[in-house]
$ cat work08.pdb   # PDB, C-alpha atoms
MODEL        1
ATOM      1  CA  MET S1172      67.425 120.377  44.718  1.00  0.00           C
ATOM      2  CA  ILE S1173      65.290 120.523  47.845  1.00  0.00           C
ATOM      3  CA  LEU S1174      64.133 124.074  48.479  1.00  0.00           C
ATOM      4  CA  ALA S1175      64.750 124.292  52.200  1.00  0.00           C
ATOM      5  CA  ASN S1176      67.389 124.474  54.885  1.00  0.00           C
ATOM      6  CA  GLN S1177      68.926 121.008  54.699  1.00  0.00           C
ATOM      7  CA  SER S1178      69.401 120.873  58.460  1.00  0.00           C
ATOM      8  CA  THR S1179      65.685 121.357  59.130  1.00  0.00           C
ATOM      9  CA  CYS S1180      64.019 119.602  56.191  1.00  0.00           C
ATOM     10  CA  ALA S1181      62.128 116.609  57.557  1.00  0.00           C
ATOM     11  CA  LEU S1182      61.386 114.664  54.366  1.00  0.00           C
ATOM     12  CA  PHE S1183      59.394 111.972  56.150  1.00  0.00           C
ATOM     13  CA  ALA S1184      57.128 114.316  58.126  1.00  0.00           C
ATOM     14  CA  GLY S1185      54.345 115.785  56.068  1.00  0.00           C
ATOM     15  CA  SER S1186      51.091 114.957  54.302  1.00  0.00           C
ATOM     16  CA  TRP S1187      49.618 114.003  50.966  1.00  0.00           C
ATOM     17  CA  VAL S1188      48.252 117.014  49.071  1.00  0.00           C
ATOM     18  CA  ARG S1189      46.172 117.157  45.926  1.00  0.00           C
ATOM     19  CA  ASP S1190      47.983 118.223  42.764  1.00  0.00           C
ATOM     20  CA  ASP S1191      45.970 118.341  39.525  1.00  0.00           C
ATOM     21  CA  SER S1192      49.156 118.125  37.437  1.00  0.00           C
ATOM     22  CA  TYR S1193      49.345 114.481  38.502  1.00  0.00           C
ATOM     23  CA  PRO S1194      49.598 111.662  37.537  1.00  0.00           C
ATOM     24  CA  LEU S1195      53.037 111.942  35.943  1.00  0.00           C
ATOM     25  CA  TYR S1196      52.233 109.091  33.540  1.00  0.00           C
ATOM     26  CA  GLN S1197      49.235 107.129  32.283  1.00  0.00           C
ATOM     27  CA  SER S1198      49.244 103.450  33.145  1.00  0.00           C
ATOM     28  CA  SER S1199      47.741 102.635  29.734  1.00  0.00           C
ATOM     29  CA  ASN S1200      50.908 103.987  28.099  1.00  0.00           C
ATOM     30  CA  CYS S1201      53.378 102.075  30.267  1.00  0.00           C
ATOM     31  CA  PRO S1202      53.544  98.383  29.286  1.00  0.00           C
ATOM     32  CA  ILE S1203      56.029  97.536  32.057  1.00  0.00           C
ATOM     33  CA  ILE S1204      53.195  97.527  34.623  1.00  0.00           C
ATOM     34  CA  ASP S1205      52.090  93.993  35.473  1.00  0.00           C
ATOM     35  CA  PRO S1206      48.377  93.500  34.712  1.00  0.00           C
ATOM     36  CA  GLU S1207      47.559  92.480  38.282  1.00  0.00           C
ATOM     37  CA  PHE S1208      48.886  95.820  39.534  1.00  0.00           C
ATOM     38  CA  ASN S1209      47.054  97.950  36.960  1.00  0.00           C
ATOM     39  CA  CYS S1210      43.982  99.244  38.809  1.00  0.00           C
ATOM     40  CA  GLN S1211      42.731 101.337  35.909  1.00  0.00           C
ATOM     41  CA  MET S1212      42.938  98.469  33.432  1.00  0.00           C
ATOM     42  CA  TYR S1213      40.867  96.320  35.756  1.00  0.00           C
ATOM     43  CA  GLY S1214      38.125  98.916  35.935  1.00  0.00           C
ATOM     44  CA  ARG S1215      38.659 100.897  39.116  1.00  0.00           C
ATOM     45  CA  PRO S1216      36.029 103.626  38.645  1.00  0.00           C
ATOM     46  CA  ASP S1217      37.745 106.502  40.481  1.00  0.00           C
ATOM     47  CA  SER S1218      41.018 108.220  39.658  1.00  0.00           C
ATOM     48  CA  ASP S1219      41.349 110.932  42.313  1.00  0.00           C
ATOM     49  CA  TYR S1220      43.871 108.796  44.205  1.00  0.00           C
ATOM     50  CA  LEU S1221      46.331 109.424  41.355  1.00  0.00           C
ATOM     51  CA  LYS S1222      46.347 113.187  41.969  1.00  0.00           C
ATOM     52  CA  TYR S1223      48.256 113.334  45.230  1.00  0.00           C
ATOM     53  CA  ARG S1224      51.889 114.063  45.961  1.00  0.00           C
ATOM     54  CA  TRP S1225      53.914 114.024  49.158  1.00  0.00           C
ATOM     55  CA  GLN S1226      54.423 117.429  50.795  1.00  0.00           C
ATOM     56  CA  PRO S1227      57.029 117.604  53.597  1.00  0.00           C
ATOM     57  CA  LEU S1228      56.219 119.954  56.451  1.00  0.00           C
ATOM     58  CA  ASN S1229      58.965 122.508  55.935  1.00  0.00           C
ATOM     59  CA  CYS S1230      60.436 122.113  52.466  1.00  0.00           C
ATOM     60  CA  GLU S1231      59.393 121.967  48.817  1.00  0.00           C
ATOM     61  CA  LEU S1232      60.214 118.918  46.733  1.00  0.00           C
ATOM     62  CA  PRO S1233      60.757 119.608  43.040  1.00  0.00           C
ATOM     63  CA  SER S1234      58.596 117.696  40.595  1.00  0.00           C
ATOM     64  CA  PHE S1235      60.247 114.527  39.324  1.00  0.00           C
ATOM     65  CA  ASN S1236      62.157 114.999  36.071  1.00  0.00           C
ATOM     66  CA  GLY S1237      63.042 111.750  34.325  1.00  0.00           C
ATOM     67  CA  VAL S1238      65.768 113.219  32.114  1.00  0.00           C
ATOM     68  CA  ASP S1239      67.472 114.901  35.069  1.00  0.00           C
ATOM     69  CA  PHE S1240      67.321 111.585  36.901  1.00  0.00           C
ATOM     70  CA  LEU S1241      69.055 109.783  34.019  1.00  0.00           C
ATOM     71  CA  LEU S1242      71.727 112.465  33.755  1.00  0.00           C
ATOM     72  CA  LYS S1243      72.489 112.433  37.481  1.00  0.00           C
ATOM     73  CA  MET S1244      72.463 108.634  37.657  1.00  0.00           C
ATOM     74  CA  ARG S1245      74.487 108.075  34.488  1.00  0.00           C
ATOM     75  CA  GLY S1246      76.413 104.802  34.680  1.00  0.00           C
ATOM     76  CA  LYS S1247      74.799 103.764  37.962  1.00  0.00           C
ATOM     77  CA  THR S1248      72.484 101.003  39.160  1.00  0.00           C
ATOM     78  CA  VAL S1249      69.325 101.333  41.251  1.00  0.00           C
ATOM     79  CA  MET S1250      67.751  98.256  42.814  1.00  0.00           C
ATOM     80  CA  PHE S1251      64.471  97.758  44.657  1.00  0.00           C
ATOM     81  CA  VAL S1252      64.556  94.741  46.979  1.00  0.00           C
ATOM     82  CA  GLY S1253      61.486  93.315  48.679  1.00  0.00           C
ATOM     83  CA  ASP S1254      57.933  92.234  47.917  1.00  0.00           C
ATOM     84  CA  SER S1255      55.180  93.527  45.605  1.00  0.00           C
ATOM     85  CA  LEU S1256      55.410  97.025  47.073  1.00  0.00           C
ATOM     86  CA  GLY S1257      58.994  97.216  45.821  1.00  0.00           C
ATOM     87  CA  ARG S1258      57.854  95.862  42.446  1.00  0.00           C
ATOM     88  CA  ASN S1259      55.247  98.635  42.230  1.00  0.00           C
ATOM     89  CA  GLN S1260      57.877 101.258  43.064  1.00  0.00           C
ATOM     90  CA  TRP S1261      60.231  99.807  40.441  1.00  0.00           C
ATOM     91  CA  GLU S1262      57.569  99.851  37.748  1.00  0.00           C
ATOM     92  CA  SER S1263      56.411 103.361  38.671  1.00  0.00           C
ATOM     93  CA  LEU S1264      59.945 104.792  38.493  1.00  0.00           C
ATOM     94  CA  ILE S1265      60.467 103.232  35.070  1.00  0.00           C
ATOM     95  CA  CYS S1266      57.155 104.663  33.854  1.00  0.00           C
ATOM     96  CA  MET S1267      58.062 108.172  35.085  1.00  0.00           C
ATOM     97  CA  ILE S1268      61.445 107.999  33.338  1.00  0.00           C
ATOM     98  CA  SER S1269      59.997 106.562  30.129  1.00  0.00           C
ATOM     99  CA  VAL S1270      57.392 109.298  29.716  1.00  0.00           C
ATOM    100  CA  ALA S1271      60.127 111.943  30.109  1.00  0.00           C
ATOM    101  CA  ALA S1272      62.562 110.225  27.714  1.00  0.00           C
ATOM    102  CA  PRO S1273      60.366 108.248  25.296  1.00  0.00           C
ATOM    103  CA  THR S1274      63.000 107.873  22.563  1.00  0.00           C
ATOM    104  CA  THR S1275      65.717 106.502  24.822  1.00  0.00           C
ATOM    105  CA  PRO S1276      66.445 102.866  23.840  1.00  0.00           C
ATOM    106  CA  THR S1277      66.076 100.310  26.618  1.00  0.00           C
ATOM    107  CA  GLN S1278      67.068  96.729  27.313  1.00  0.00           C
ATOM    108  CA  THR S1279      64.635  94.646  29.346  1.00  0.00           C
ATOM    109  CA  ILE S1280      65.406  91.422  31.209  1.00  0.00           C
ATOM    110  CA  ARG S1281      62.481  89.923  33.124  1.00  0.00           C
ATOM    111  CA  GLY S1282      63.231  87.024  35.427  1.00  0.00           C
ATOM    112  CA  GLU S1283      62.763  85.559  38.875  1.00  0.00           C
ATOM    113  CA  PRO S1284      63.893  86.824  41.318  1.00  0.00           C
ATOM    114  CA  LEU S1285      65.715  89.559  39.334  1.00  0.00           C
ATOM    115  CA  SER S1286      64.346  91.855  36.637  1.00  0.00           C
ATOM    116  CA  THR S1287      66.250  94.764  35.096  1.00  0.00           C
ATOM    117  CA  ILE S1288      65.600  97.575  32.654  1.00  0.00           C
ATOM    118  CA  LYS S1289      68.595  99.479  31.323  1.00  0.00           C
ATOM    119  CA  PHE S1290      68.393 102.904  29.704  1.00  0.00           C
ATOM    120  CA  LEU S1291      71.159 102.393  27.165  1.00  0.00           C
ATOM    121  CA  ASP S1292      72.021 105.988  26.254  1.00  0.00           C
ATOM    122  CA  TYR S1293      72.773 106.724  29.903  1.00  0.00           C
ATOM    123  CA  GLY S1294      74.001 103.353  31.189  1.00  0.00           C
ATOM    124  CA  VAL S1295      71.404 103.495  33.965  1.00  0.00           C
ATOM    125  CA  SER S1296      70.102 100.148  35.209  1.00  0.00           C
ATOM    126  CA  ILE S1297      66.977  99.917  37.364  1.00  0.00           C
ATOM    127  CA  SER S1298      66.290  96.508  38.885  1.00  0.00           C
ATOM    128  CA  PHE S1299      63.819  94.698  41.084  1.00  0.00           C
ATOM    129  CA  TYR S1300      64.955  91.748  43.198  1.00  0.00           C
ATOM    130  CA  ARG S1301      62.124  89.766  44.766  1.00  0.00           C
ATOM    131  CA  ALA S1302      62.956  88.879  48.368  1.00  0.00           C
ATOM    132  CA  PRO S1303      59.766  89.301  50.446  1.00  0.00           C
ATOM    133  CA  TYR S1304      61.556  88.618  53.739  1.00  0.00           C
ATOM    134  CA  LEU S1305      64.918  90.198  52.721  1.00  0.00           C
ATOM    135  CA  VAL S1306      66.703  87.589  54.837  1.00  0.00           C
ATOM    136  CA  ASP S1307      67.708  84.163  53.481  1.00  0.00           C
ATOM    137  CA  ILE S1308      65.485  81.091  53.423  1.00  0.00           C
ATOM    138  CA  ASP S1309      67.182  77.728  53.889  1.00  0.00           C
ATOM    139  CA  MET S1310      66.109  74.089  54.050  1.00  0.00           C
ATOM    140  CA  LEU S1311      66.681  72.535  57.487  1.00  0.00           C
ATOM    141  CA  GLN S1312      65.392  69.076  58.298  1.00  0.00           C
ATOM    142  CA  GLY S1313      62.989  69.217  55.390  1.00  0.00           C
ATOM    143  CA  LYS S1314      61.508  72.601  56.316  1.00  0.00           C
ATOM    144  CA  ARG S1315      61.897  76.025  54.741  1.00  0.00           C
ATOM    145  CA  VAL S1316      63.375  78.175  57.504  1.00  0.00           C
ATOM    146  CA  LEU S1317      63.809  81.947  57.782  1.00  0.00           C
ATOM    147  CA  MET S1318      67.443  82.665  58.688  1.00  0.00           C
ATOM    148  CA  LEU S1319      66.919  85.896  60.595  1.00  0.00           C
ATOM    149  CA  GLU S1320      70.531  87.034  60.684  1.00  0.00           C
ATOM    150  CA  GLU S1321      71.668  85.935  57.227  1.00  0.00           C
ATOM    151  CA  ILE S1322      71.430  87.740  53.882  1.00  0.00           C
ATOM    152  CA  SER S1323      74.426  86.190  52.111  1.00  0.00           C
ATOM    153  CA  GLY S1324      72.218  84.367  49.595  1.00  0.00           C
ATOM    154  CA  ASN S1325      70.087  87.336  48.573  1.00  0.00           C
ATOM    155  CA  GLY S1326      72.826  89.841  49.268  1.00  0.00           C
ATOM    156  CA  ASN S1327      75.079  88.540  46.491  1.00  0.00           C
ATOM    157  CA  ALA S1328      72.632  90.070  44.000  1.00  0.00           C
ATOM    158  CA  TRP S1329      72.988  93.479  45.642  1.00  0.00           C
ATOM    159  CA  LEU S1330      76.780  93.728  45.455  1.00  0.00           C
ATOM    160  CA  GLY S1331      77.991  96.734  43.508  1.00  0.00           C
ATOM    161  CA  VAL S1332      74.582  98.421  43.366  1.00  0.00           C
ATOM    162  CA  ASP S1333      74.770 102.198  43.809  1.00  0.00           C
ATOM    163  CA  VAL S1334      71.304 102.809  45.283  1.00  0.00           C
ATOM    164  CA  LEU S1335      69.327 100.187  47.220  1.00  0.00           C
ATOM    165  CA  SER S1336      65.700 100.551  48.289  1.00  0.00           C
ATOM    166  CA  PHE S1337      64.445  97.906  50.734  1.00  0.00           C
ATOM    167  CA  ASN S1338      60.887  97.129  51.734  1.00  0.00           C
ATOM    168  CA  THR S1339      59.374  94.287  53.725  1.00  0.00           C
ATOM    169  CA  GLY S1340      56.595  93.711  56.233  1.00  0.00           C
ATOM    170  CA  HIS S1341      53.488  92.207  54.652  1.00  0.00           C
ATOM    171  CA  TRP S1342      54.731  88.636  54.425  1.00  0.00           C
ATOM    172  CA  TRP S1343      55.956  88.582  58.023  1.00  0.00           C
ATOM    173  CA  SER S1344      52.397  88.739  59.332  1.00  0.00           C
ATOM    174  CA  HIS S1345      51.304  85.569  57.544  1.00  0.00           C
ATOM    175  CA  THR S1346      50.687  82.549  59.740  1.00  0.00           C
ATOM    176  CA  GLY S1347      50.056  78.853  59.277  1.00  0.00           C
ATOM    177  CA  SER S1348      49.801  77.577  55.696  1.00  0.00           C
ATOM    178  CA  LEU S1349      49.935  81.112  54.274  1.00  0.00           C
ATOM    179  CA  GLN S1350      53.455  81.502  55.569  1.00  0.00           C
ATOM    180  CA  GLY S1351      54.742  77.985  55.067  1.00  0.00           C
ATOM    181  CA  LEU S1352      57.968  78.780  56.877  1.00  0.00           C
ATOM    182  CA  ALA S1353      59.554  77.940  60.175  1.00  0.00           C
ATOM    183  CA  ILE S1354      61.528  80.508  62.182  1.00  0.00           C
ATOM    184  CA  ARG S1355      64.982  79.682  63.439  1.00  0.00           C
ATOM    185  CA  SER S1356      65.425  80.276  67.174  1.00  0.00           C
ATOM    186  CA  TYR S1357      67.968  82.773  68.482  1.00  0.00           C
ATOM    187  CA  PRO S1358      69.083  83.859  71.962  1.00  0.00           C
ATOM    188  CA  CYS S1359      66.363  85.744  73.851  1.00  0.00           C
ATOM    189  CA  PHE S1360      63.869  85.127  71.054  1.00  0.00           C
ATOM    190  CA  LYS S1361      61.298  82.389  70.618  1.00  0.00           C
ATOM    191  CA  PRO S1362      59.532  81.782  67.279  1.00  0.00           C
ATOM    192  CA  LYS S1363      56.118  82.012  68.975  1.00  0.00           C
ATOM    193  CA  ASP S1364      56.756  85.720  69.632  1.00  0.00           C
ATOM    194  CA  THR S1365      55.301  86.610  66.219  1.00  0.00           C
ATOM    195  CA  SER S1366      55.034  90.339  66.929  1.00  0.00           C
ATOM    196  CA  ALA S1367      58.824  90.515  67.240  1.00  0.00           C
ATOM    197  CA  ILE S1368      59.782  88.390  64.217  1.00  0.00           C
ATOM    198  CA  LEU S1369      60.114  91.301  61.806  1.00  0.00           C
ATOM    199  CA  VAL S1370      62.070  93.382  64.323  1.00  0.00           C
ATOM    200  CA  VAL S1371      64.534  90.546  64.913  1.00  0.00           C
ATOM    201  CA  GLY S1372      64.878  89.978  61.174  1.00  0.00           C
ATOM    202  CA  LEU S1373      65.720  93.619  60.513  1.00  0.00           C
ATOM    203  CA  HIS S1374      68.068  93.580  63.500  1.00  0.00           C
ATOM    204  CA  GLY S1375      69.900  90.697  61.841  1.00  0.00           C
ATOM    205  CA  ILE S1376      70.031  92.441  58.476  1.00  0.00           C
ATOM    206  CA  ARG S1377      71.643  95.464  60.124  1.00  0.00           C
ATOM    207  CA  ARG S1378      74.339  93.203  61.526  1.00  0.00           C
ATOM    208  CA  GLU S1379      75.033  91.700  58.105  1.00  0.00           C
ATOM    209  CA  ILE S1380      75.274  95.116  56.441  1.00  0.00           C
ATOM    210  CA  LEU S1381      77.319  96.570  59.334  1.00  0.00           C
ATOM    211  CA  PRO S1382      79.817  93.776  60.084  1.00  0.00           C
ATOM    212  CA  ARG S1383      81.277  95.525  63.109  1.00  0.00           C
ATOM    213  CA  HIS S1384      78.321  94.179  65.085  1.00  0.00           C
ATOM    214  CA  GLY S1385      78.661  90.768  66.653  1.00  0.00           C
ATOM    215  CA  PRO S1386      76.340  87.766  66.439  1.00  0.00           C
ATOM    216  CA  LEU S1387      72.661  88.252  67.013  1.00  0.00           C
ATOM    217  CA  GLY S1388      72.145  88.590  70.750  1.00  0.00           C
ATOM    218  CA  CYS S1389      69.661  90.034  73.216  1.00  0.00           C
ATOM    219  CA  PHE S1390      68.029  93.403  72.768  1.00  0.00           C
ATOM    220  CA  GLY S1391      69.060  96.075  75.217  1.00  0.00           C
ATOM    221  CA  GLN S1392      72.547  94.659  75.773  1.00  0.00           C
ATOM    222  CA  GLY S1393      74.396  96.875  73.317  1.00  0.00           C
ATOM    223  CA  THR S1394      74.597  94.192  70.645  1.00  0.00           C
TER     224      THR S1394
ENDMDL
END
$ encode --input "work08.pdb" --output "C-alpha cells"
Amino acid sequence: MILANQSTCALFAGSWVRDDSYPLYQSSNCPIIDPEFNCQMYGRPDSDYLKYRWQPLNCELPSFNGVDFLLKMRGKTVMFVGDSLGRNQWESLICMISVAAPTTPTQTIRGEPLSTIKFLDYGVSISFYRAPYLVDIDMLQGKRVLMLEEISGNGNAWLGVDVLSFNTGHWWSHTGSLQGLAIRSYPCFKPKDTSAILVVGLHGIRREILPRHGPLGCFGQGT
C-alpha cells in the first residue's frame, strides 16, 4: 500500500535518500547474481551506494516484503525484457524474494535469451528475456537489420505474461563495428539520423502493442 493520496502521488518524481537498513540482501548470499555484475565480489572498496532507496516527493513507499510479493503474485508471471539493466533488475528481485523466503523451493532454468526462476510453493515465475533492442532483428541481403516496427519474433516469448518490465537504450547508441547492425528505412526517417533511432523504435513498439495504430508513418501527423 502506498501511503498517500493516489491522485497526487508522483512515484517517478523524487530523490534517492540514505537508509541504513539497506541493503535488503547481501550479494555474497545470492548465487543467482552473475559474477560480472557482482561489484562487491570483484573488490569494489565502498559500500555506501547500497544504502539508498527511492523516496517519492509526496508519498511513502513501504519497504519491500518478499513474502507479501509472492502472496500477491501467486500463480502469475513477471518478465524483465531488455539488456543487462533488465538482467540486473531480475537478479535483484529474485535476491530480495529469496532472503525473505529462504525455505521456499525453486526451479531454475538458465538459457539464452530466456531465463526463469519459479517459486514453486506460490507458482510465481520471474523471467528475464534478453532483447537489447526490444524490436526484432532480421537478416536482409546478408546484413543483420533492426526492424523498427516489428516485435513479433521477440514478442512471442511475452505472450501470457502478467507483468512486463521493458528497458532499452544503451545498445542504440553504439555505432560502427560495436553495433554491427543496419537500420531499415521508414517514411520520414533516414538511418543516418542516429539521435532519433531509439525514438522511432519505441514508436514502432507502441504500434505493435496497440494494434489500433496504423503503419509507421511521420511524426506529428497523428499516426
$ resolve_selection --input "work08.pdb" --expression "the PyMOL selection byres ((chain S and resi 1208) around 10)" --output "list in words"
Ser1198, Ile1204, Asp1205, Pro1206, Glu1207, Asn1209, Cys1210, Gln1211, Met1212, Tyr1213, Ser1255, Arg1258, Asn1259 and Glu1262 of chain S
$ write_last_selection --input "work08.pdb" --atoms "C-alpha atoms" --output "CSV table (one decimal), in the coordinates of the input"
chain,number,residue,atom,x,y,z
S,1198,SER,CA,49.2,103.4,33.1
S,1204,ILE,CA,53.2,97.5,34.6
S,1205,ASP,CA,52.1,94.0,35.5
S,1206,PRO,CA,48.4,93.5,34.7
S,1207,GLU,CA,47.6,92.5,38.3
S,1209,ASN,CA,47.1,98.0,37.0
S,1210,CYS,CA,44.0,99.2,38.8
S,1211,GLN,CA,42.7,101.3,35.9
S,1212,MET,CA,42.9,98.5,33.4
S,1213,TYR,CA,40.9,96.3,35.8
S,1255,SER,CA,55.2,93.5,45.6
S,1258,ARG,CA,57.9,95.9,42.4
S,1259,ASN,CA,55.2,98.6,42.2
S,1262,GLU,CA,57.6,99.9,37.7
$ closest_residue --input "work08.pdb" --among "S:Asn1229, S:Gln1312, S:Ser1234, S:Ser1269" --to "Tyr1196 (chain S)" --atoms "only C-alpha atoms"
S:Ser1269
$ closest_residue --input "work08.pdb" --among "S:Met1250, S:Ala1181, S:Cys1266, S:Ile1280" --to "Gln1197 (chain S)" --atoms "all atoms listed in the file"
S:Cys1266
$ atom_distance --input "work08.pdb" --atom1 "CA of His1341 (chain S)" --atom2 "CA of Leu1256 (chain S)"
9.2 Å
$ closest_residue --input "work08.pdb" --among "S:Leu1319, S:Ile1297, S:Leu1182, S:Ala1271" --to "Gln1226 (chain S)" --atoms "all atoms listed in the file"
S:Leu1182
$ resolve_selection --input "work08.pdb" --expression "the PyMOL selection byres ((chain S and resi 1215-1223) around 7)" --output "short mmCIF file (atom, residue, chain, number, x, y, z; two decimals) with C-alpha atoms, in the coordinates of the input"
data_model
loop_
_atom_site.label_atom_id
_atom_site.label_comp_id
_atom_site.auth_asym_id
_atom_site.auth_seq_id
_atom_site.Cartn_x
_atom_site.Cartn_y
_atom_site.Cartn_z
CA TRP S 1187 49.62 114.00 50.97
CA VAL S 1188 48.25 117.01 49.07
CA ARG S 1189 46.17 117.16 45.93
CA ASP S 1190 47.98 118.22 42.76
CA ASP S 1191 45.97 118.34 39.52
CA TYR S 1193 49.34 114.48 38.50
CA PRO S 1194 49.60 111.66 37.54
CA CYS S 1210 43.98 99.24 38.81
CA GLN S 1211 42.73 101.34 35.91
CA TYR S 1213 40.87 96.32 35.76
CA GLY S 1214 38.12 98.92 35.94
CA ARG S 1224 51.89 114.06 45.96
CA TRP S 1225 53.91 114.02 49.16
#
$ closest_residue --input "work08.pdb" --among "S:Leu1264, S:Ala1302, S:Val1295, S:Val1249" --to "Ser1336 (chain S)" --atoms "all atoms listed in the file"
S:Val1249
$ atom_distance --input "work08.pdb" --atom1 "CA of Leu1285 (chain S)" --atom2 "CA of Val1238 (chain S)"
24.7 Å
$ closest_residue --input "work08.pdb" --among "S:Met1244, S:Ile1308, S:Ala1272, S:Cys1180" --to "Ser1323 (chain S)" --atoms "all atoms listed in the file"
S:Ile1308
$ resolve_selection --input "work08.pdb" --expression "the PyMOL selection byres ((chain S and resi 1287) around 8)" --output "PyMOL selection string"
chain S and resi 1279-1281+1285-1286+1288-1289+1296-1299
$ closest_residue --input "work08.pdb" --among "S:Phe1337, S:Trp1343, S:Tyr1300, S:Trp1261" --to "Asn1325 (chain S)" --atoms "all atoms listed in the file"
S:Tyr1300
$ atom_distance --input "work08.pdb" --atom1 "CA of Ile1203 (chain S)" --atom2 "CA of Lys1243 (chain S)"
22.9 Å
